[in-house]
Structures are given as C-alpha cells and as structure tokens.
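For reference, the structure is listed below as structure tokens.
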Amino acid sequence: MDKLCIRGGKPLAGEVGIGGSKNAALPALAACLLTAEPVRLTRIPPVRDIGTMEKLLAWTGALVEVDGGEVLVHAGELQNPEAPYDLVKTMRASSLVLGPLVARTGRARVSMPGGCAIGARPINLHISALEALGARITQSHGYVEAQAPQGLHGAEVRFERITVTGTEDVMMAAVLADGETVIANAAREPEVQDLAVLLTKMGAQIDGAGTETIRIRGVAKLRGTEHRIIPDRIEAGTFMIAAAITGGNLLIRDCVPEHVHALTEQLRQAGAEASEEGPCTLRVSAGGRLRSADITTMEYPGFATDLQAQFMALMTTAQGIAIVTETIFENRFMHVPELARMGANIRLEGGQAIVAGVAELTGAQVIASDLRASASLVLAGLVAKGETLIDRVYHLDRGYEKIEAKLAAVGADIRRVQ
Ligand code: EPZ
C-alpha cells in the first residue's frame, strides 16, 4: 500500500499545469454509448476512476482505445448493457451509464453504487427522473434494472434537490427520447455544461445547460465527434490552496478562472493574493499568516463541496475562527480527526466545523478516508513542522494525476513510499 511522506515548511514557487476534469470526463465517456459512431475525447486525466469507467464501457461491448490523455470509444454494438458490481463498487459514478444504456439499447442493469465515506449517496433522483421518461425500473439483488422496449419519451422532470450526475444521467437519456424534456432545478456545474457541449456536437438539441432549466428536444440518432475535456477546477483549486497554505507563489496554468471564482473570493478574504494573468492562468501567492474566513458549500456557482476539506486545512493555521458549513453531504468531515492529529483545533457541531487557527501544525501519521479528505491531509503536511506520513493514498489516486510529482516540481519535499 503506497504512502506519501511529506516534510513541511517549504513555500511553493513556480508553475503548475492543470489536467482534464475527472468529473467532466466521466459523463463524457458515458455519453459515447449514445452513438454507434466513434467518439474521440482528449485531455482525459489518467486517474483511477477514469480507468474504471473505461473498463465499464468495454464490458458493455464498446471498443475503447486509450493513448495517454486521448480515448477513442466506438460503441458500435452494445451486447451487454450492464454495469457489474465488481466495477461499480469501486466507482459510484458508474450510475452515469444508466441513462445512456437505456436510451440506446432499451435496457440497462446497473449495480447499485454502495455508499462511500462522505455519505449514503442514493440515486433515487436518477431513478425517478428516468421513470418520468418512461423507463420501467426495478431494484433487486443490489441491481437497478431499467426497461424501455418502446424507447423513452420526453417529460417534465423537476429535481427535488440539485444533483450533478442526476442531471447528467437524465440529459443523456433525454437526447434520444421521443419529444421534448424539460429539466427543472438542474445542476449548473461546468461539468454539466461541458457534457451539453459534447452532446450538441454529437447532434443533440439542448438549450439552457448551465442554468437551472435545461430543455432537450430528442433526436433519432447521434453521430460521432471529437471533444476536449475542460480543465479540472478541483485540481486547480487544490493547487491554489497549496500556494496559499505554504506562503508561496504559484502560477496555475490551463485552468478556467471563472470555474474557481468562489474559492478565489475566499482566498482574497483570507488575505492571499489571487489574480488572473490570462484567460487560462491564475497566480496565487501569500506571505505571512492568513486571516480566518468562513465558507458554506453550495451547488455551483457557490463554494464547491469538493474544495471544503482543502480550504479547512488552510484555515487550521489562519488567525482567528473559521466556520466551515457543509450543506451537500451529510458526512464530509472525515478529515477533521486526522487534521486534529496534526495539532489542528476543530470542533464539530452538526453540519458545521469550527476551526480555531493555531500557530503551527506538526507532522504525524494520518490516514486518508476519501478523495478530497486525502488532498486536505497533503496540504496540511506541506505546512506542518516535521514529517507527515499519509496512508491509503489510493484514495488520492482516484482523482489526482501524480500529485506528488507536480508538488515536488514546485518545491515541496514530498515522495511516495511503498
Ligand atoms: C458529483 O457527485 C461529483 N462526482 C462529486 O465529486 C461532487 O462532490 C458532487 O457532485 C457535488 O458537487 C461526479 O461528478 C462524478 P450529487 P454526485 O448527486 O452527482 C444527494 C469527487 O470528489 N442525492 O450532486 O453523486 C446526495 O446524496 C466527487 O470528485 C440524493 O439524495 O452528487 C448528495 O447529498 C465526490 N439522491 C446531494 O444530493 C440522488 O439520486 C448532491 O449529490 C442523487 C443525489
């Protein structure tokens, strides 16, 4: 089992390039199932979850060719519209193939995603939306089975709460449905918008992606195309916080400043410098002790829940008290006891963490529990006095491509040990 070993105290300096968005690449790969023609996707991040999705597409019968950050998917024949437990258990985003499979083949059998560290994460909203489009859905033996032998029909779908992959799933089902679908209370995330761009290039008719109401007029067939995935705003945000927490100065290339606007605002509030140096470039720097700043996670364009743990790490050594409120997931504070082992002073009260800044953190042995919690432990290790050893870094590998190499290249004392 790999571990990361970090010796803290080094301000980061230099440039870092951001990779493609994992959470845009996953629905984009699923969308390839909607056409019998080849789809070429570029800037696909070679992270573990992407590998799992590629295996899943191949399992259904698609031809998948991976060449570095380029993936060609040719779903000519889908003999096996199923997502087996062994693949789904390692990646809950497999529910993203439910909509495309039932739209393309009239049936789908997808293992129910287990919960994960951050919460129960049911897919009831995905299921009720697909039922509104005419799919008959049963659940048994841990699998969701969807049938639509006569195809799907357009419908009015209103999500009782905003769901990112729920919006993506039903969008991918609606593009081949007979008639118009309106999705109300839709997710507005950049990844949803990027999926709509891909589907439109494939011939879909979609309006309103990025707003709370998306209109889709179904078409009979979709064609192949090429598409470059947007940059990963969570990787960008993680490196922005790395610059701030180490009192360093980083140029973040290949990012979309607008996608990290909420974080940029909070970093400025905390006393860091954050400025755009070009359409795809941000510079973040900090000197001296930062001030505490409160955050409340919200759906996009609010503060991203996927950056909550990382920002909390930043607040552990800020001056004052920061209140971190998590509104999206019910159990997304698994990083708190690990940060406390490093000397952080954090008190949990319901959906809030009260972070009282301390002068310094000390290195310790800690355990990663989920993807973004592990990123917050890396950030804490970069500033802690002494050595931090992070166990179970496979969580980190699910969403970050060689994070230790990128951090070492800008001055961090970090290495992977067996
Ligand atoms: C996506 O997950 C992301 N994953 C998550 O990133 C991200 O944290 C999340 O959106 C919120 O931004 C991908 O895009 C692959 P939701 P998703 O459906 O779609 C509840 C990461 O670190 N809900 O928007 O699964 C759910 O339990 C991951 O890359 C239902 O109750 O999140 C949660 O409390 C972690 N029923 C809330 O809604 C449903 O049917 C928002 O979940 C669906 C969701």
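Ligands are numbered from 1 in the order shown, residues from 1 within each chain, and chains are lettered A, B, ... in the order they appear in the structure tokens.
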Name the residues of stretch 82-312 of chain A that come out as helix (DSSP H, G or I) in a backbone DSSP run; write them as number ranges by chain. A: 85-88, 92-105, 124-132, 164-174, 190-201, 233-245, 257-269, 305-312
Exercise for the section: Tell me, as a PyMOL selection string, which residues lie within 7 Å of A:Met53, counting only C-alpha atoms; anything in the same chain fewer than 3 positions away does not count. Expected result: chain A and resi 26+49-50+56-57+94
Run DSSP on the backbone and give me the residues of stretch 87-259 of chain A it puts in strand (DSSP E or B), as number ranges by chain. A: 107-111, 116, 119, 136-140, 143-147, 153, 156-158, 178, 180-184, 205-207, 209, 211, 213-217, 226-228, 231, 249-253
With distances taken over only C-alpha atoms, the candidate from A:Arg372, A:Glu330, A:Leu339, A:Leu267 nearest A:Ala309 is A:Arg372
- Which one of A:Asp294, A:Glu168, A:Glu258, A:Glu273 sits closest to ligand 1 if you count only C-alpha atoms and all ligand atoms?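 Once distances to ligand 1 are computed over only C-alpha atoms and all ligand atoms, the minimum belongs to A:Glu168.
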Surrounding residues of A:Ser21 excluding itself and chain neighbours under 3 positions, 7 Å, only C-alpha atoms, as JSON, numbers by chain: {"A": [24, 25, 45, 229, 230, 231, 232, 233]}
Gap from atom CA of A:Phe311 to atom CA of A:Met1 - Å, one decimal =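 Computed distance, atom CA of A:Phe311 to atom CA of A:Met1, equals 27.0 Å.
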Atom CA of A:Pro113 to atom CA of A:Ser140, straight-line distance in Å:
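If I compute the distance from atom CA of A:Ser140 to atom CA of A:Pro113, I get 13.0 Å.
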